[in-house]
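Visitor: This one is my_file_16.cif, mmCIF, C-alpha atoms, pLDDT in the B column; chains and numbers go by the auth columns.
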```cif
data_target
loop_
_atom_site.group_PDB
_atom_site.id
_atom_site.type_symbol
_atom_site.label_atom_id
_atom_site.label_comp_id
_atom_site.label_asym_id
_atom_site.label_seq_id
_atom_site.Cartn_x
_atom_site.Cartn_y
_atom_site.Cartn_z
_atom_site.B_iso_or_equiv
_atom_site.auth_seq_id
_atom_site.auth_asym_id
ATOM 1 C CA MET A 1 0.000 0.000 0.000 57.00 18 A
ATOM 2 C CA ASN A 2 2.818 2.444 0.855 58.00 19 A
ATOM 3 C CA VAL A 3 4.427 1.763 -2.526 60.00 20 A
ATOM 4 C CA LEU A 4 1.156 2.634 -4.275 53.00 21 A
ATOM 5 C CA LEU A 5 0.887 5.910 -2.348 48.00 22 A
ATOM 6 C CA ALA A 6 4.491 6.778 -3.197 52.00 23 A
ATOM 7 C CA ILE A 7 3.862 6.128 -6.896 52.00 24 A
ATOM 8 C CA LEU A 8 0.709 8.264 -6.848 47.00 25 A
ATOM 9 C CA PHE A 9 2.601 11.076 -5.104 50.00 26 A
ATOM 10 C CA VAL A 10 5.311 10.990 -7.793 51.00 27 A
ATOM 11 C CA LEU A 11 2.777 10.894 -10.640 50.00 28 A
ATOM 12 C CA PHE A 12 0.499 13.547 -9.112 52.00 29 A
ATOM 13 C CA PRO A 13 2.538 15.825 -6.849 52.00 30 A
ATOM 14 C CA PRO A 14 0.643 18.347 -4.668 48.00 31 A
ATOM 15 C CA GLU A 15 1.818 21.236 -6.851 52.00 32 A
ATOM 16 C CA ASP A 16 -0.317 19.863 -9.691 78.00 33 A
ATOM 17 C CA LYS A 17 -3.466 20.211 -7.585 92.00 34 A
ATOM 18 C CA ILE A 18 -2.707 23.291 -5.464 96.00 35 A
ATOM 19 C CA LYS A 19 -0.690 26.200 -6.831 96.00 36 A
ATOM 20 C CA ILE A 20 0.501 29.107 -4.674 97.00 37 A
ATOM 21 C CA LYS A 21 1.027 32.421 -6.452 97.00 38 A
ATOM 22 C CA ASP A 22 2.245 35.922 -5.588 97.00 39 A
ATOM 23 C CA ALA A 23 3.436 35.197 -2.026 98.00 40 A
ATOM 24 C CA TRP A 24 4.535 38.360 -0.209 98.00 41 A
ATOM 25 C CA MET A 25 4.766 39.732 3.316 98.00 42 A
ATOM 26 C CA ARG A 26 5.030 43.167 4.855 97.00 43 A
ATOM 27 C CA PRO A 27 8.393 44.357 6.217 98.00 44 A
ATOM 28 C CA SER A 28 8.425 44.650 10.013 97.00 45 A
ATOM 29 C CA SER A 29 10.675 44.701 13.080 98.00 46 A
ATOM 30 C CA GLU A 30 11.835 42.003 15.473 97.00 47 A
ATOM 31 C CA LYS A 31 9.275 41.135 18.193 97.00 48 A
ATOM 32 C CA MET A 32 6.503 42.844 16.182 98.00 49 A
ATOM 33 C CA THR A 33 3.881 41.338 13.845 98.00 50 A
ATOM 34 C CA THR A 34 3.516 41.149 10.096 98.00 51 A
ATOM 35 C CA ALA A 35 1.255 39.448 7.593 98.00 52 A
ATOM 36 C CA LEU A 36 1.731 37.012 4.722 98.00 53 A
ATOM 37 C CA TYR A 37 -0.444 37.110 1.615 98.00 54 A
ATOM 38 C CA PHE A 38 -0.797 34.853 -1.429 98.00 55 A
ATOM 39 C CA VAL A 39 -3.257 33.298 -3.860 98.00 56 A
ATOM 40 C CA ILE A 40 -4.193 29.611 -3.602 98.00 57 A
ATOM 41 C CA GLU A 41 -5.321 28.018 -6.871 97.00 58 A
ATOM 42 C CA ASN A 42 -7.047 24.661 -6.524 97.00 59 A
ATOM 43 C CA LYS A 43 -6.828 22.886 -9.864 95.00 60 A
ATOM 44 C CA SER A 44 -8.462 19.734 -8.485 94.00 61 A
ATOM 45 C CA GLU A 45 -12.170 18.890 -8.628 94.00 62 A
ATOM 46 C CA ILE A 46 -12.064 18.311 -4.863 94.00 63 A
ATOM 47 C CA ALA A 47 -12.090 21.087 -2.249 96.00 64 A
ATOM 48 C CA ASP A 48 -9.023 21.341 -0.029 97.00 65 A
ATOM 49 C CA THR A 49 -8.449 22.991 3.333 98.00 66 A
ATOM 50 C CA LEU A 50 -5.520 25.107 4.504 98.00 67 A
ATOM 51 C CA PHE A 51 -5.382 24.440 8.252 98.00 68 A
ATOM 52 C CA GLN A 52 -1.864 25.387 9.371 98.00 69 A
ATOM 53 C CA VAL A 53 1.124 27.505 8.327 98.00 70 A
ATOM 54 C CA ASP A 54 4.618 27.122 9.788 98.00 71 A
ATOM 55 C CA SER A 55 7.625 29.441 9.635 98.00 72 A
ATOM 56 C CA ASP A 56 10.825 29.947 11.608 97.00 73 A
ATOM 57 C CA LEU A 57 10.408 33.726 11.214 98.00 74 A
ATOM 58 C CA ALA A 58 7.958 34.089 14.119 98.00 75 A
ATOM 59 C CA GLU A 59 7.073 32.547 17.454 98.00 76 A
ATOM 60 C CA ARG A 60 3.418 32.204 16.385 98.00 77 A
ATOM 61 C CA VAL A 61 1.847 31.854 12.952 98.00 78 A
ATOM 62 C CA GLU A 62 -1.944 31.875 12.583 98.00 79 A
ATOM 63 C CA ILE A 63 -4.582 32.105 9.879 98.00 80 A
ATOM 64 C CA HIS A 64 -6.611 35.311 10.422 97.00 81 A
ATOM 65 C CA GLU A 65 -9.530 37.144 8.915 96.00 82 A
ATOM 66 C CA THR A 66 -10.471 40.787 9.009 94.00 83 A
ATOM 67 C CA TYR A 67 -14.079 41.382 10.048 92.00 84 A
ATOM 68 C CA SER A 68 -16.421 44.260 10.751 89.00 85 A
ATOM 69 C CA GLU A 69 -19.243 44.499 13.252 87.00 86 A
ATOM 70 C CA GLY A 70 -21.139 47.727 12.915 88.00 87 A
ATOM 71 C CA GLU A 71 -18.611 50.556 13.027 89.00 88 A
ATOM 72 C CA MET A 72 -15.854 48.342 14.480 90.00 89 A
ATOM 73 C CA MET A 73 -13.258 46.449 12.457 90.00 90 A
ATOM 74 C CA GLY A 74 -10.872 43.845 13.782 92.00 91 A
ATOM 75 C CA MET A 75 -8.935 40.670 13.123 93.00 92 A
ATOM 76 C CA ARG A 76 -9.498 37.205 14.522 94.00 93 A
ATOM 77 C CA LYS A 77 -7.963 33.778 14.236 97.00 94 A
ATOM 78 C CA VAL A 78 -9.709 31.222 12.038 97.00 95 A
ATOM 79 C CA VAL A 79 -9.066 27.492 12.227 97.00 96 A
ATOM 80 C CA PHE A 80 -8.970 26.856 8.474 97.00 97 A
ATOM 81 C CA VAL A 81 -9.716 28.160 4.988 97.00 98 A
ATOM 82 C CA VAL A 82 -11.540 26.004 2.425 97.00 99 A
ATOM 83 C CA ILE A 83 -10.604 26.340 -1.238 97.00 100 A
ATOM 84 C CA GLY A 84 -13.344 24.908 -3.431 97.00 101 A
ATOM 85 C CA GLY A 85 -12.574 22.605 -6.327 95.00 102 A
ATOM 86 C CA LYS A 86 -11.533 24.378 -9.526 96.00 103 A
ATOM 87 C CA SER A 87 -11.381 27.738 -7.731 97.00 104 A
ATOM 88 C CA SER A 88 -8.966 30.133 -6.101 97.00 105 A
ATOM 89 C CA PHE A 89 -8.778 31.947 -2.781 98.00 106 A
ATOM 90 C CA GLU A 90 -6.807 35.147 -2.211 98.00 107 A
ATOM 91 C CA LEU A 91 -5.275 36.009 1.142 98.00 108 A
ATOM 92 C CA LYS A 92 -4.938 39.795 0.967 97.00 109 A
ATOM 93 C CA PRO A 93 -4.840 42.946 3.099 95.00 110 A
ATOM 94 C CA GLY A 94 -8.230 43.666 4.660 94.00 111 A
ATOM 95 C CA ALA A 95 -9.373 40.054 4.305 96.00 112 A
ATOM 96 C CA HIS A 96 -7.948 36.622 5.169 97.00 113 A
ATOM 97 C CA HIS A 97 -4.183 36.590 5.772 98.00 114 A
ATOM 98 C CA ILE A 98 -1.470 34.742 7.664 98.00 115 A
ATOM 99 C CA MET A 99 -0.436 36.588 10.818 98.00 116 A
ATOM 100 C CA LEU A 100 3.169 36.248 12.015 98.00 117 A
ATOM 101 C CA MET A 101 3.474 37.275 15.660 98.00 118 A
ATOM 102 C CA LYS A 102 6.578 38.001 17.722 98.00 119 A
ATOM 103 C CA LEU A 103 9.009 38.054 14.816 98.00 120 A
ATOM 104 C CA LYS A 104 12.393 36.523 15.616 98.00 121 A
ATOM 105 C CA LYS A 105 14.250 39.068 13.456 97.00 122 A
ATOM 106 C CA ASP A 106 13.712 42.197 11.391 98.00 123 A
ATOM 107 C CA ILE A 107 12.112 41.645 7.992 98.00 124 A
ATOM 108 C CA LYS A 108 13.305 44.299 5.570 97.00 125 A
ATOM 109 C CA ASP A 109 12.066 45.190 2.108 97.00 126 A
ATOM 110 C CA GLY A 110 13.424 42.541 -0.295 97.00 127 A
ATOM 111 C CA ASP A 111 14.025 39.855 2.364 98.00 128 A
ATOM 112 C CA LYS A 112 12.730 36.350 1.671 98.00 129 A
ATOM 113 C CA GLY A 113 10.991 34.006 4.077 98.00 130 A
ATOM 114 C CA GLU A 114 10.225 30.292 3.953 98.00 131 A
ATOM 115 C CA PHE A 115 6.809 28.902 4.891 98.00 132 A
ATOM 116 C CA VAL A 116 5.180 25.471 4.999 98.00 133 A
ATOM 117 C CA LEU A 117 1.470 25.370 4.188 98.00 134 A
ATOM 118 C CA HIS A 118 -0.505 22.374 5.482 98.00 135 A
ATOM 119 C CA PHE A 119 -3.498 21.175 3.441 97.00 136 A
ATOM 120 C CA LYS A 120 -5.863 18.310 4.301 97.00 137 A
ATOM 121 C CA GLN A 121 -5.817 16.764 0.805 94.00 138 A
ATOM 122 C CA VAL A 122 -2.373 17.497 -0.666 95.00 139 A
ATOM 123 C CA GLY A 123 -0.336 17.697 2.534 95.00 140 A
ATOM 124 C CA LYS A 124 2.584 20.118 2.890 96.00 141 A
ATOM 125 C CA ILE A 125 3.618 22.723 0.334 96.00 142 A
ATOM 126 C CA LYS A 126 6.751 24.835 0.850 97.00 143 A
ATOM 127 C CA ILE A 127 6.724 28.417 -0.410 98.00 144 A
ATOM 128 C CA THR A 128 9.003 31.442 -0.375 98.00 145 A
ATOM 129 C CA ALA A 129 7.603 34.936 0.135 98.00 146 A
ATOM 130 C CA ILE A 130 9.339 38.244 -0.505 98.00 147 A
ATOM 131 C CA ALA A 131 8.981 41.225 1.828 98.00 148 A
ATOM 132 C CA LYS A 132 7.608 44.336 0.172 97.00 149 A
ATOM 133 C CA LYS A 133 5.454 47.317 0.957 92.00 150 A
ATOM 134 C CA PRO A 134 1.820 47.119 -0.218 87.00 151 A
ATOM 135 C CA ASN A 135 0.989 48.740 -3.547 79.00 152 A
#
```
Can I see the file as structure tokens?
Guide:
Amino acid sequence: MNVLLAILFVLFPPEDKIKIKDAWMRPSSEKMTTALYFVIENKSEIADTLFQVDSDLAERVEIHETYSEGEMMGMRKVVFVVIGGKSSFELKPGAHHIMLMKLKKDIKDGDKGEFVLHFKQVGKIKITAIAKKPN
């Protein structure tokens, strides 16, 4: 059974089903927070779920959403994000994003950071994001 799974993984790697595009993060200072943004393209017929993001850049990494209640706006942690089959989902300023809290070092404009995205269907996908100021 393990051999069959290994063969399927080689023939149909996760990158064929989930594609990550335009990964970027905001510059920030050590011990502060920043956010990571990107587009998830699900090329599969089956929905997939992003449920965790890891990085050595920060002590805590969480999936967040921006919300509004009446006149108040805020951010809150969400447990997961579902990307429907044959669709895309954009993590962007003012919406869903990945929050990096208590940065372990300064992140300057042009710096790169490594992240591991965890999906229920395709497993782990490693990405690199570049630090830049928003347009």
Visitor: Using the chain letters and numbers from this file, what does the PyMOL selection byres ((chain A and resi 136) around 7) select? Give the answer as a list of chain:residue names.
Guide: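 When the PyMOL selection byres ((chain A and resi 136) around 7) is applied, the selected residues are A:Asp65, A:Thr66, A:Leu67, A:Phe68, A:Leu134, A:His135, A:Lys137, A:Gln138, A:Val139, A:Gly140, A:Lys141.
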Visitor: Write out as a PyMOL selection string which residues come within 8 Å of A:Ser61 when counting only C-alpha atoms, dropping same-chain ones fewer than 3 positions away.
Guide: chain A and resi 34-35+64+102-103
Visitor: Quick one, how far is atom CA of A:Lys36 from atom CA of A:Val70?
Guide: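 Rounded to one decimal, the two atoms are 15.3 Å apart.
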Visitor: Using only C-alpha atoms, can you tell me which of A:Val133, A:Ile100, A:Ile63, A:Leu74 comes closest to A:Glu47?
Guide: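 Counting only C-alpha atoms, the residue closest to A:Glu47 is A:Leu74.
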Visitor: Of the candidates A:Glu82, A:Asp39, A:Glu76, A:Glu131, which one gets nearest to A:Leu117 if we count all atoms listed in the file?
Guide: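 For A:Leu117, the nearest of the candidates is A:Glu76.
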Visitor: Give me the residues near A:Ile124 as a PyMOL selection string, where near means some atom within 9 Å (using all atoms listed in the file) and where sequence neighbours in that chain fewer than 4 positions away do not count.
Guide: chain A and resi 42-47+51+74+120+128-130+148
Visitor: Figure out the distance between atom CA of A:Ala146 and atom CA of A:Phe55, please, to one decimal in Å.
Guide: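 Interatomic distance, atom CA of A:Phe55 to atom CA of A:Ala146: 8.5 Å.
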Visitor: Between A:Ile147, A:Val96, A:Ala112, A:Ile57, single out the one closest to A:Val78, counting all atoms listed in the file.
Guide: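 Among the listed residues, A:Val96 lies closest to A:Val78.
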Visitor: Can you spell out as an MDAnalysis selection string the set of residues that the PyMOL selection byres ((chain A and resi 105) around 6) selects in the structure I just provided?
Guide: chainID A and resid 57:59 104 106
Visitor: Would you mind reading off the distance between atom CA of A:Met89 and atom CA of A:Leu53, one decimal, in Å?
Guide: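 Answer for the atom CA of A:Met89 to atom CA of A:Leu53 separation: 23.1 Å.
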